[in-house]
file target_36.pdb (PDB, C-alpha atoms)
MODEL        1
ATOM      1  CA  MET A   1       3.863   2.522 -20.084  1.00  0.00           C
ATOM      2  CA  ILE A   2       2.047   2.656 -16.767  1.00  0.00           C
ATOM      3  CA  VAL A   3       3.479   3.100 -13.293  1.00  0.00           C
ATOM      4  CA  GLY A   4       1.247   2.470 -10.278  1.00  0.00           C
ATOM      5  CA  LEU A   5       2.333   4.208  -7.095  1.00  0.00           C
ATOM      6  CA  ARG A   6       1.195   2.997  -3.680  1.00  0.00           C
ATOM      7  CA  HIS A   7       1.953   3.927  -0.105  1.00  0.00           C
ATOM      8  CA  ASP A   8       1.469   1.590   2.858  1.00  0.00           C
ATOM      9  CA  VAL A   9       0.653   3.726   5.880  1.00  0.00           C
ATOM     10  CA  ASP A  10       1.908   1.533   8.733  1.00  0.00           C
ATOM     11  CA  ASN A  11       1.963   3.861  11.723  1.00  0.00           C
ATOM     12  CA  VAL A  12       0.614   7.092  13.199  1.00  0.00           C
ATOM     13  CA  TYR A  13       3.783   9.015  12.323  1.00  0.00           C
ATOM     14  CA  GLY A  14       3.429   7.984   8.665  1.00  0.00           C
ATOM     15  CA  LEU A  15      -0.206   9.065   8.691  1.00  0.00           C
ATOM     16  CA  ARG A  16       0.175  12.397  10.450  1.00  0.00           C
ATOM     17  CA  LYS A  17       3.630  13.552   9.326  1.00  0.00           C
ATOM     18  CA  GLY A  18       4.610  11.559   6.243  1.00  0.00           C
ATOM     19  CA  LEU A  19       1.315  11.479   4.364  1.00  0.00           C
ATOM     20  CA  PRO A  20       0.953  15.298   4.125  1.00  0.00           C
ATOM     21  CA  LYS A  21       4.523  15.518   2.770  1.00  0.00           C
ATOM     22  CA  VAL A  22       3.792  12.847   0.154  1.00  0.00           C
ATOM     23  CA  ILE A  23       0.598  14.671  -0.867  1.00  0.00           C
ATOM     24  CA  PHE A  24       2.566  17.920  -1.244  1.00  0.00           C
ATOM     25  CA  ILE A  25       5.116  16.238  -3.529  1.00  0.00           C
ATOM     26  CA  GLU A  26       2.495  14.417  -5.583  1.00  0.00           C
ATOM     27  CA  GLU A  27       0.460  17.604  -6.038  1.00  0.00           C
ATOM     28  CA  LYS A  28       3.590  19.415  -7.180  1.00  0.00           C
ATOM     29  CA  TYR A  29       4.125  16.821  -9.937  1.00  0.00           C
ATOM     30  CA  GLY A  30       0.465  16.131 -10.765  1.00  0.00           C
ATOM     31  CA  VAL A  31       0.601  12.545  -9.464  1.00  0.00           C
ATOM     32  CA  LYS A  32      -2.145  10.559  -7.706  1.00  0.00           C
ATOM     33  CA  SER A  33      -1.452   7.340  -5.819  1.00  0.00           C
ATOM     34  CA  THR A  34      -3.168   4.861  -3.522  1.00  0.00           C
ATOM     35  CA  PHE A  35      -2.754   5.013   0.250  1.00  0.00           C
ATOM     36  CA  PHE A  36      -3.273   1.639   1.928  1.00  0.00           C
ATOM     37  CA  ILE A  37      -4.263   2.433   5.510  1.00  0.00           C
ATOM     38  CA  ARG A  38      -4.017   0.217   8.597  1.00  0.00           C
ATOM     39  CA  THR A  39      -7.241   0.640  10.541  1.00  0.00           C
ATOM     40  CA  ASP A  40      -5.504   0.605  13.937  1.00  0.00           C
ATOM     41  CA  ILE A  41      -3.626   3.844  13.239  1.00  0.00           C
ATOM     42  CA  ILE A  42      -6.785   5.926  12.780  1.00  0.00           C
ATOM     43  CA  ARG A  43      -7.059   7.236  16.319  1.00  0.00           C
ATOM     44  CA  SER A  44      -8.785  10.591  16.153  1.00  0.00           C
ATOM     45  CA  ASP A  45     -11.204  12.762  14.237  1.00  0.00           C
ATOM     46  CA  THR A  46      -8.169  14.633  12.900  1.00  0.00           C
ATOM     47  CA  ASP A  47      -6.840  11.379  11.420  1.00  0.00           C
ATOM     48  CA  ARG A  48     -10.215  10.622   9.823  1.00  0.00           C
ATOM     49  CA  CYS A  49     -10.436  14.161   8.444  1.00  0.00           C
ATOM     50  CA  LEU A  50      -6.952  13.944   6.930  1.00  0.00           C
ATOM     51  CA  ILE A  51      -7.798  10.707   5.137  1.00  0.00           C
ATOM     52  CA  ARG A  52     -11.179  12.136   4.053  1.00  0.00           C
ATOM     53  CA  GLN A  53      -9.471  15.243   2.633  1.00  0.00           C
ATOM     54  CA  ILE A  54      -7.065  13.276   0.485  1.00  0.00           C
ATOM     55  CA  ALA A  55      -9.833  10.941  -0.705  1.00  0.00           C
ATOM     56  CA  ASP A  56     -11.993  13.945  -1.609  1.00  0.00           C
ATOM     57  CA  ARG A  57      -9.062  15.384  -3.579  1.00  0.00           C
ATOM     58  CA  GLY A  58      -8.717  12.262  -5.731  1.00  0.00           C
ATOM     59  CA  TRP A  59      -6.331   9.924  -3.960  1.00  0.00           C
ATOM     60  CA  GLU A  60      -7.466   6.344  -3.552  1.00  0.00           C
ATOM     61  CA  ILE A  61      -7.781   4.779  -0.107  1.00  0.00           C
ATOM     62  CA  GLY A  62      -7.210   1.030   0.261  1.00  0.00           C
ATOM     63  CA  LEU A  63      -7.113  -1.432   3.147  1.00  0.00           C
ATOM     64  CA  HIS A  64      -3.712  -2.368   4.535  1.00  0.00           C
ATOM     65  CA  LEU A  65      -4.890  -5.627   6.080  1.00  0.00           C
ATOM     66  CA  ILE A  66      -3.531  -6.381   9.553  1.00  0.00           C
ATOM     67  CA  ASN A  67      -5.236  -9.731  10.275  1.00  0.00           C
ATOM     68  CA  THR A  68      -3.730 -11.639   7.364  1.00  0.00           C
ATOM     69  CA  ILE A  69      -4.534 -15.064   8.867  1.00  0.00           C
ATOM     70  CA  GLY A  70      -8.066 -14.511  10.152  1.00  0.00           C
ATOM     71  CA  SER A  71      -7.025 -14.782  13.810  1.00  0.00           C
ATOM     72  CA  SER A  72      -9.926 -14.708  16.275  1.00  0.00           C
ATOM     73  CA  GLU A  73      -7.715 -12.709  18.652  1.00  0.00           C
ATOM     74  CA  MET A  74      -7.818  -9.668  16.366  1.00  0.00           C
ATOM     75  CA  PRO A  75     -10.547  -7.763  14.544  1.00  0.00           C
ATOM     76  CA  SER A  76     -11.620  -9.889  11.587  1.00  0.00           C
ATOM     77  CA  PRO A  77     -10.494  -8.919   8.076  1.00  0.00           C
ATOM     78  CA  LYS A  78     -14.144  -8.085   7.292  1.00  0.00           C
ATOM     79  CA  LYS A  79     -14.314  -5.842  10.362  1.00  0.00           C
ATOM     80  CA  GLU A  80     -11.151  -4.023   9.233  1.00  0.00           C
ATOM     81  CA  LEU A  81     -12.705  -3.453   5.806  1.00  0.00           C
ATOM     82  CA  ASP A  82     -16.038  -2.377   7.280  1.00  0.00           C
ATOM     83  CA  MET A  83     -14.303   0.150   9.528  1.00  0.00           C
ATOM     84  CA  LEU A  84     -12.918   2.023   6.510  1.00  0.00           C
ATOM     85  CA  LYS A  85     -16.198   1.700   4.618  1.00  0.00           C
ATOM     86  CA  ASN A  86     -18.156   2.963   7.639  1.00  0.00           C
ATOM     87  CA  LEU A  87     -15.957   6.062   7.631  1.00  0.00           C
ATOM     88  CA  GLY A  88     -17.302   6.704   4.134  1.00  0.00           C
ATOM     89  CA  PHE A  89     -14.374   5.529   2.026  1.00  0.00           C
ATOM     90  CA  GLN A  90     -14.802   3.653  -1.238  1.00  0.00           C
ATOM     91  CA  ILE A  91     -12.434   0.694  -0.840  1.00  0.00           C
ATOM     92  CA  ASP A  92     -11.505  -1.183  -4.010  1.00  0.00           C
ATOM     93  CA  GLY A  93      -8.170  -2.768  -3.113  1.00  0.00           C
ATOM     94  CA  LEU A  94      -6.086  -4.226  -0.342  1.00  0.00           C
ATOM     95  CA  THR A  95      -2.590  -5.317   0.532  1.00  0.00           C
ATOM     96  CA  PRO A  96      -1.299  -7.356   3.484  1.00  0.00           C
ATOM     97  CA  CYS A  97       0.613  -5.598   6.234  1.00  0.00           C
ATOM     98  CA  GLY A  98       4.006  -7.148   6.908  1.00  0.00           C
ATOM     99  CA  LYS A  99       4.555  -5.449  10.281  1.00  0.00           C
ATOM    100  CA  THR A 100       2.083  -7.550  12.262  1.00  0.00           C
ATOM    101  CA  ILE A 101       1.413 -11.146  11.241  1.00  0.00           C
ATOM    102  CA  GLY A 102       2.824 -10.728   7.757  1.00  0.00           C
ATOM    103  CA  PHE A 103       2.034 -12.407   4.471  1.00  0.00           C
ATOM    104  CA  LYS A 104       1.330 -16.121   4.892  1.00  0.00           C
ATOM    105  CA  GLY A 105       1.039 -17.323   1.290  1.00  0.00           C
ATOM    106  CA  ASP A 106      -2.142 -19.066   0.177  1.00  0.00           C
ATOM    107  CA  GLY A 107      -3.852 -18.490   3.533  1.00  0.00           C
ATOM    108  CA  THR A 108      -3.480 -14.737   3.162  1.00  0.00           C
ATOM    109  CA  TRP A 109      -4.533 -14.878  -0.498  1.00  0.00           C
ATOM    110  CA  ARG A 110      -7.729 -16.734   0.517  1.00  0.00           C
ATOM    111  CA  ILE A 111      -8.562 -14.210   3.233  1.00  0.00           C
ATOM    112  CA  MET A 112      -7.931 -11.234   0.941  1.00  0.00           C
ATOM    113  CA  ASP A 113      -9.963 -12.815  -1.870  1.00  0.00           C
ATOM    114  CA  SER A 114     -12.869 -13.491   0.523  1.00  0.00           C
ATOM    115  CA  LEU A 115     -13.348  -9.737   1.012  1.00  0.00           C
ATOM    116  CA  GLY A 116     -14.609  -9.420  -2.580  1.00  0.00           C
ATOM    117  CA  LEU A 117     -12.736  -6.249  -3.550  1.00  0.00           C
ATOM    118  CA  LYS A 118     -11.700  -5.310  -7.087  1.00  0.00           C
ATOM    119  CA  TYR A 119      -7.972  -5.952  -6.649  1.00  0.00           C
ATOM    120  CA  MET A 120      -5.332  -7.153  -4.225  1.00  0.00           C
ATOM    121  CA  GLU A 121      -1.577  -7.255  -4.114  1.00  0.00           C
ATOM    122  CA  GLY A 122       0.548  -9.644  -2.102  1.00  0.00           C
ATOM    123  CA  TYR A 123       3.776 -11.382  -3.007  1.00  0.00           C
ATOM    124  CA  GLY A 124       3.860 -13.331  -6.225  1.00  0.00           C
ATOM    125  CA  ALA A 125       0.519 -14.852  -7.171  1.00  0.00           C
ATOM    126  CA  PRO A 126      -1.864 -17.306  -5.518  1.00  0.00           C
ATOM    127  CA  SER A 127      -1.452 -20.972  -6.470  1.00  0.00           C
ATOM    128  CA  PHE A 128      -5.221 -21.380  -6.874  1.00  0.00           C
ATOM    129  CA  PRO A 129      -7.930 -19.495  -8.803  1.00  0.00           C
ATOM    130  CA  VAL A 130      -9.216 -16.302  -7.182  1.00  0.00           C
ATOM    131  CA  SER A 131     -12.087 -13.990  -8.069  1.00  0.00           C
ATOM    132  CA  THR A 132     -10.161 -10.798  -7.236  1.00  0.00           C
ATOM    133  CA  PHE A 133      -7.701  -9.281  -9.722  1.00  0.00           C
ATOM    134  CA  VAL A 134      -4.124  -9.724  -8.486  1.00  0.00           C
ATOM    135  CA  MET A 135      -1.668  -6.890  -9.086  1.00  0.00           C
ATOM    136  CA  PRO A 136       1.899  -7.980  -9.828  1.00  0.00           C
ATOM    137  CA  THR A 137       4.356  -7.706  -6.972  1.00  0.00           C
ATOM    138  CA  HIS A 138       5.653  -4.183  -6.402  1.00  0.00           C
ATOM    139  CA  LEU A 139       9.144  -2.726  -6.421  1.00  0.00           C
ATOM    140  CA  SER A 140       9.688  -1.555  -2.843  1.00  0.00           C
ATOM    141  CA  PHE A 141      11.764   1.598  -3.113  1.00  0.00           C
ATOM    142  CA  ASP A 142      12.386   2.349   0.553  1.00  0.00           C
ATOM    143  CA  ILE A 143      12.326  -0.882   2.534  1.00  0.00           C
ATOM    144  CA  TYR A 144      14.215  -2.835  -0.108  1.00  0.00           C
ATOM    145  CA  TYR A 145      16.378  -0.637  -2.327  1.00  0.00           C
ATOM    146  CA  VAL A 146      17.264   2.190   0.069  1.00  0.00           C
ATOM    147  CA  ARG A 147      17.528  -0.017   3.153  1.00  0.00           C
ATOM    148  CA  LYS A 148      19.674  -2.617   1.387  1.00  0.00           C
ATOM    149  CA  PHE A 149      21.892  -0.409  -0.792  1.00  0.00           C
ATOM    150  CA  GLY A 150      21.697   3.106   0.670  1.00  0.00           C
ATOM    151  CA  GLY A 151      20.211   6.197  -0.926  1.00  0.00           C
ATOM    152  CA  GLU A 152      22.358   6.737  -3.997  1.00  0.00           C
ATOM    153  CA  GLU A 153      23.063   3.114  -4.929  1.00  0.00           C
ATOM    154  CA  GLY A 154      19.525   2.077  -3.946  1.00  0.00           C
ATOM    155  CA  TYR A 155      18.056   4.683  -6.274  1.00  0.00           C
ATOM    156  CA  ARG A 156      20.319   3.552  -9.124  1.00  0.00           C
ATOM    157  CA  LYS A 157      19.343  -0.111  -8.693  1.00  0.00           C
ATOM    158  CA  PHE A 158      15.666   0.773  -8.270  1.00  0.00           C
ATOM    159  CA  ARG A 159      15.674   2.851 -11.455  1.00  0.00           C
ATOM    160  CA  GLU A 160      17.416   0.064 -13.368  1.00  0.00           C
ATOM    161  CA  ASP A 161      14.890  -2.555 -12.181  1.00  0.00           C
ATOM    162  CA  LEU A 162      11.951  -0.234 -12.852  1.00  0.00           C
ATOM    163  CA  LEU A 163      13.079   0.436 -16.414  1.00  0.00           C
ATOM    164  CA  GLN A 164      13.613  -3.296 -17.000  1.00  0.00           C
ATOM    165  CA  ARG A 165      10.143  -4.137 -15.718  1.00  0.00           C
ATOM    166  CA  LEU A 166       8.562  -1.383 -17.811  1.00  0.00           C
ATOM    167  CA  GLU A 167      10.395  -2.587 -20.889  1.00  0.00           C
ATOM    168  CA  LYS A 168       9.385  -6.214 -20.259  1.00  0.00           C
ATOM    169  CA  ASP A 169       5.786  -5.772 -19.043  1.00  0.00           C
ATOM    170  CA  GLY A 170       4.853  -2.210 -19.990  1.00  0.00           C
ATOM    171  CA  TRP A 171       3.879  -1.425 -16.396  1.00  0.00           C
ATOM    172  CA  ALA A 172       5.022  -1.673 -12.800  1.00  0.00           C
ATOM    173  CA  THR A 173       3.873  -0.871  -9.282  1.00  0.00           C
ATOM    174  CA  ILE A 174       6.052   0.950  -6.776  1.00  0.00           C
ATOM    175  CA  LEU A 175       5.718   0.919  -2.995  1.00  0.00           C
ATOM    176  CA  VAL A 176       6.923   3.752  -0.746  1.00  0.00           C
ATOM    177  CA  HIS A 177       6.092   4.157   2.948  1.00  0.00           C
ATOM    178  CA  PRO A 178       5.296   7.752   4.048  1.00  0.00           C
ATOM    179  CA  GLU A 179       7.112   7.246   7.358  1.00  0.00           C
ATOM    180  CA  TRP A 180      10.390   6.945   5.470  1.00  0.00           C
TER     181      TRP A 180
ENDMDL
END
call {"tool": "encode", "arguments": {"input": "target_36.pdb", "output": "structure tokens"}}
result
Amino acid sequence: MIVGLRHDVDNVYGLRKGLPKVIFIEEKYGVKSTFFIRTDIIRSDTDRCLIRQIADRGWEIGLHLINTIGSSEMPSPKKELDMLKNLGFQIDGLTPCGKTIGFKGDGTWRIMDSLGLKYMEGYGAPSFPVSTFVMPTHLSFDIYYVRKFGGEEGYRKFREDLLQRLEKDGWATILVHPEW
């Protein structure tokens, strides 16, 4: 069985305070995950250095896409991707950020697919053929299970769903936000 662990870093607090705590816990248990980073939260050399340090230590960095509709009023999706690449990060995957525009179905799938990365994860699956591998939808531990059911009951329900998915598919992806 395989469990993929990802973190969507949605704000400066999550980057500067939450991410180091997550790294500490993952190091303690010998776990490596993927951190999907919003480009607009990288505001200083210290932020860039923190991300560089975790990438150099084996954690994957992905794009947490803000402009999920290709709006001309925001940096283009390609510009978001290039920003992370220009900082020296190998970017193989991306996910849409729900805090700004949000996931807009096939339109978002088309924009994500146009970036030509190795994999992407959204919600469900696109209704048309894509060239980018699509990861199955994640189990969102914090913003679904804990928020909806509370800590203890949320953990119980999460664990139950995780075990069911592992039994059915042999693998699952889990999302946790470091700001939580």
call {"tool": "atom_distance", "arguments": {"input": "target_36.pdb", "atom1": "CA of Pro75 (chain A)", "atom2": "CA of Val9 (chain A)"}}
result
18.2 Å
call {"tool": "closest_residue", "arguments": {"input": "target_36.pdb", "among": "A:Arg16, A:Ser114, A:Asp8, A:Ile2", "to": "Gly98 (chain A)", "atoms": "all atoms listed in the file"}}
result
A:Asp8
call {"tool": "atom_distance", "arguments": {"input": "target_36.pdb", "atom1": "CA of Glu153 (chain A)", "atom2": "CA of Glu26 (chain A)"}}
result
23.5 Å
call {"tool": "closest_residue", "arguments": {"input": "target_36.pdb", "among": "A:Asp142, A:Asp161, A:Asp92, A:Glu152", "to": "Val176 (chain A)", "atoms": "only C-alpha atoms"}}
result
A:Asp142
call {"tool": "closest_residue", "arguments": {"input": "target_36.pdb", "among": "A:Gly150, A:Pro129, A:Gly14, A:Gly62", "to": "Gly93 (chain A)", "atoms": "all atoms listed in the file"}}
result
A:Gly62
call {"tool": "closest_residue", "arguments": {"input": "target_36.pdb", "among": "A:Leu166, A:Ile69, A:Ala125, A:Leu87", "to": "Gly102 (chain A)", "atoms": "all atoms listed in the file"}}
result
A:Ile69
call {"tool": "residues_near_point", "arguments": {"input": "target_36.pdb", "point": "(-3.4, 10.0, -4.4)", "cutoff": "10 Å", "atoms": "all atoms listed in the file", "output": "ChimeraX atom specification"}}
result
/A:5-7,22-23,26-27,30-35,54-61
call {"tool": "atom_distance", "arguments": {"input": "target_36.pdb", "atom1": "CA of Gly105 (chain A)", "atom2": "CA of His64 (chain A)"}}
result
16.0 Å
call {"tool": "resolve_selection", "arguments": {"input": "target_36.pdb", "expression": "the PyMOL selection byres ((chain A and resi 12) around 10)", "output": "ChimeraX atom specification"}}
result
/A:9-11,13-19,38,40-43,47,179
call {"tool": "closest_residue", "arguments": {"input": "target_36.pdb", "among": "A:Leu139, A:Ile111, A:Met83, A:Leu65", "to": "Gly124 (chain A)", "atoms": "all atoms listed in the file"}}
result
A:Leu139
call {"tool": "residues_near_point", "arguments": {"input": "target_36.pdb", "point": "(0.2, -11.0, 7.0)", "cutoff": "8 Å", "atoms": "only C-alpha atoms", "output": "list in words"}}
result
Leu65, Ile66, Asn67, Thr68, Ile69, Pro96, Cys97, Gly98, Lys99, Thr100, Ile101, Gly102, Phe103, Lys104 and Thr108 of chain A
call {"tool": "resolve_selection", "arguments": {"input": "target_36.pdb", "expression": "the PyMOL selection byres ((chain A and resi 113) around 12)", "output": "ChimeraX atom specification"}}
result
/A:65,68,77-78,92-96,106-112,114-122,125-126,128-134
call {"tool": "write_last_selection", "arguments": {"input": "target_36.pdb", "atoms": "C-alpha atoms", "output": "PDB file, in the frame of the given file"}}
result
ATOM      1  CA  LEU A  65      -4.890  -5.627   6.080  1.00  0.00           C
ATOM      2  CA  THR A  68      -3.730 -11.639   7.364  1.00  0.00           C
ATOM      3  CA  PRO A  77     -10.494  -8.919   8.076  1.00  0.00           C
ATOM      4  CA  LYS A  78     -14.144  -8.085   7.292  1.00  0.00           C
ATOM      5  CA  ASP A  92     -11.505  -1.183  -4.010  1.00  0.00           C
ATOM      6  CA  GLY A  93      -8.170  -2.768  -3.113  1.00  0.00           C
ATOM      7  CA  LEU A  94      -6.086  -4.226  -0.342  1.00  0.00           C
ATOM      8  CA  THR A  95      -2.590  -5.317   0.532  1.00  0.00           C
ATOM      9  CA  PRO A  96      -1.299  -7.356   3.484  1.00  0.00           C
ATOM     10  CA  ASP A 106      -2.142 -19.066   0.177  1.00  0.00           C
ATOM     11  CA  GLY A 107      -3.852 -18.490   3.533  1.00  0.00           C
ATOM     12  CA  THR A 108      -3.480 -14.737   3.162  1.00  0.00           C
ATOM     13  CA  TRP A 109      -4.533 -14.878  -0.498  1.00  0.00           C
ATOM     14  CA  ARG A 110      -7.729 -16.734   0.517  1.00  0.00           C
ATOM     15  CA  ILE A 111      -8.562 -14.210   3.233  1.00  0.00           C
ATOM     16  CA  MET A 112      -7.931 -11.234   0.941  1.00  0.00           C
ATOM     17  CA  SER A 114     -12.869 -13.491   0.523  1.00  0.00           C
ATOM     18  CA  LEU A 115     -13.348  -9.737   1.012  1.00  0.00           C
ATOM     19  CA  GLY A 116     -14.609  -9.420  -2.580  1.00  0.00           C
ATOM     20  CA  LEU A 117     -12.736  -6.249  -3.550  1.00  0.00           C
ATOM     21  CA  LYS A 118     -11.700  -5.310  -7.087  1.00  0.00           C
ATOM     22  CA  TYR A 119      -7.972  -5.952  -6.649  1.00  0.00           C
ATOM     23  CA  MET A 120      -5.332  -7.153  -4.225  1.00  0.00           C
ATOM     24  CA  GLU A 121      -1.577  -7.255  -4.114  1.00  0.00           C
ATOM     25  CA  GLY A 122       0.548  -9.644  -2.102  1.00  0.00           C
ATOM     26  CA  ALA A 125       0.519 -14.852  -7.171  1.00  0.00           C
ATOM     27  CA  PRO A 126      -1.864 -17.306  -5.518  1.00  0.00           C
ATOM     28  CA  PHE A 128      -5.221 -21.380  -6.874  1.00  0.00           C
ATOM     29  CA  PRO A 129      -7.930 -19.495  -8.803  1.00  0.00           C
ATOM     30  CA  VAL A 130      -9.216 -16.302  -7.182  1.00  0.00           C
ATOM     31  CA  SER A 131     -12.087 -13.990  -8.069  1.00  0.00           C
ATOM     32  CA  THR A 132     -10.161 -10.798  -7.236  1.00  0.00           C
ATOM     33  CA  PHE A 133      -7.701  -9.281  -9.722  1.00  0.00           C
ATOM     34  CA  VAL A 134      -4.124  -9.724  -8.486  1.00  0.00           C
TER      35      VAL A 134
END
call {"tool": "closest_residue", "arguments": {"input": "target_36.pdb", "among": "A:Tyr123, A:Gly4, A:Thr39, A:Thr46", "to": "Asp82 (chain A)", "atoms": "all atoms listed in the file"}}
result
A:Thr39
call {"tool": "build_atoms", "arguments": {"input": "target_36.pdb", "residues": "region 72-96 of chain A", "atoms": "N, CA and C atoms", "output": "CSV table (one decimal), in the frame of the given file"}}
result
chain,number,residue,atom,x,y,z
A,72,SER,N,-8.8,-15.1,15.4
A,72,SER,CA,-9.9,-14.7,16.3
A,72,SER,C,-9.5,-13.8,17.4
A,73,GLU,N,-8.2,-13.6,17.6
A,73,GLU,CA,-7.7,-12.7,18.7
A,73,GLU,C,-7.6,-11.3,18.2
A,74,MET,N,-7.9,-11.0,16.9
A,74,MET,CA,-7.8,-9.7,16.4
A,74,MET,C,-9.1,-9.3,15.7
A,75,PRO,N,-9.4,-8.1,15.4
A,75,PRO,CA,-10.5,-7.8,14.5
A,75,PRO,C,-10.5,-8.6,13.2
A,76,SER,N,-11.6,-9.1,12.8
A,76,SER,CA,-11.6,-9.9,11.6
A,76,SER,C,-11.3,-9.0,10.4
A,77,PRO,N,-10.8,-9.7,9.3
A,77,PRO,CA,-10.5,-8.9,8.1
A,77,PRO,C,-11.7,-8.2,7.6
A,78,LYS,N,-12.9,-8.8,7.7
A,78,LYS,CA,-14.1,-8.1,7.3
A,78,LYS,C,-14.4,-6.9,8.2
A,79,LYS,N,-14.1,-7.0,9.5
A,79,LYS,CA,-14.3,-5.8,10.4
A,79,LYS,C,-13.3,-4.7,10.0
A,80,GLU,N,-12.1,-5.1,9.7
A,80,GLU,CA,-11.2,-4.0,9.2
A,80,GLU,C,-11.7,-3.3,8.0
A,81,LEU,N,-12.2,-4.0,7.0
A,81,LEU,CA,-12.7,-3.5,5.8
A,81,LEU,C,-13.9,-2.6,6.1
A,82,ASP,N,-14.8,-3.1,6.9
A,82,ASP,CA,-16.0,-2.4,7.3
A,82,ASP,C,-15.7,-1.1,8.0
A,83,MET,N,-14.7,-1.1,8.8
A,83,MET,CA,-14.3,0.2,9.5
A,83,MET,C,-14.0,1.3,8.5
A,84,LEU,N,-13.2,1.0,7.5
A,84,LEU,CA,-12.9,2.0,6.5
A,84,LEU,C,-14.2,2.4,5.7
A,85,LYS,N,-15.0,1.4,5.4
A,85,LYS,CA,-16.2,1.7,4.6
A,85,LYS,C,-17.2,2.5,5.5
A,86,ASN,N,-17.3,2.2,6.8
A,86,ASN,CA,-18.2,3.0,7.6
A,86,ASN,C,-17.7,4.4,7.8
A,87,LEU,N,-16.4,4.7,7.6
A,87,LEU,CA,-16.0,6.1,7.6
A,87,LEU,C,-16.3,6.8,6.3
A,88,GLY,N,-16.9,6.1,5.4
A,88,GLY,CA,-17.3,6.7,4.1
A,88,GLY,C,-16.3,6.6,3.0
A,89,PHE,N,-15.4,5.7,3.1
A,89,PHE,CA,-14.4,5.5,2.0
A,89,PHE,C,-14.8,4.4,1.1
A,90,GLN,N,-14.6,4.7,-0.2
A,90,GLN,CA,-14.8,3.7,-1.2
A,90,GLN,C,-13.5,2.8,-1.3
A,91,ILE,N,-13.6,1.6,-0.9
A,91,ILE,CA,-12.4,0.7,-0.8
A,91,ILE,C,-12.5,-0.3,-2.0
A,92,ASP,N,-11.5,-0.3,-2.9
A,92,ASP,CA,-11.5,-1.2,-4.0
A,92,ASP,C,-10.4,-2.2,-3.9
A,93,GLY,N,-9.3,-1.9,-3.1
A,93,GLY,CA,-8.2,-2.8,-3.1
A,93,GLY,C,-7.6,-2.9,-1.7
A,94,LEU,N,-6.7,-4.0,-1.6
A,94,LEU,CA,-6.1,-4.2,-0.3
A,94,LEU,C,-4.7,-4.9,-0.5
A,95,THR,N,-3.9,-4.7,0.5
A,95,THR,CA,-2.6,-5.3,0.5
A,95,THR,C,-2.4,-5.8,2.0
A,96,PRO,N,-1.6,-6.9,2.1
A,96,PRO,CA,-1.3,-7.4,3.5
A,96,PRO,C,-0.2,-6.5,4.2
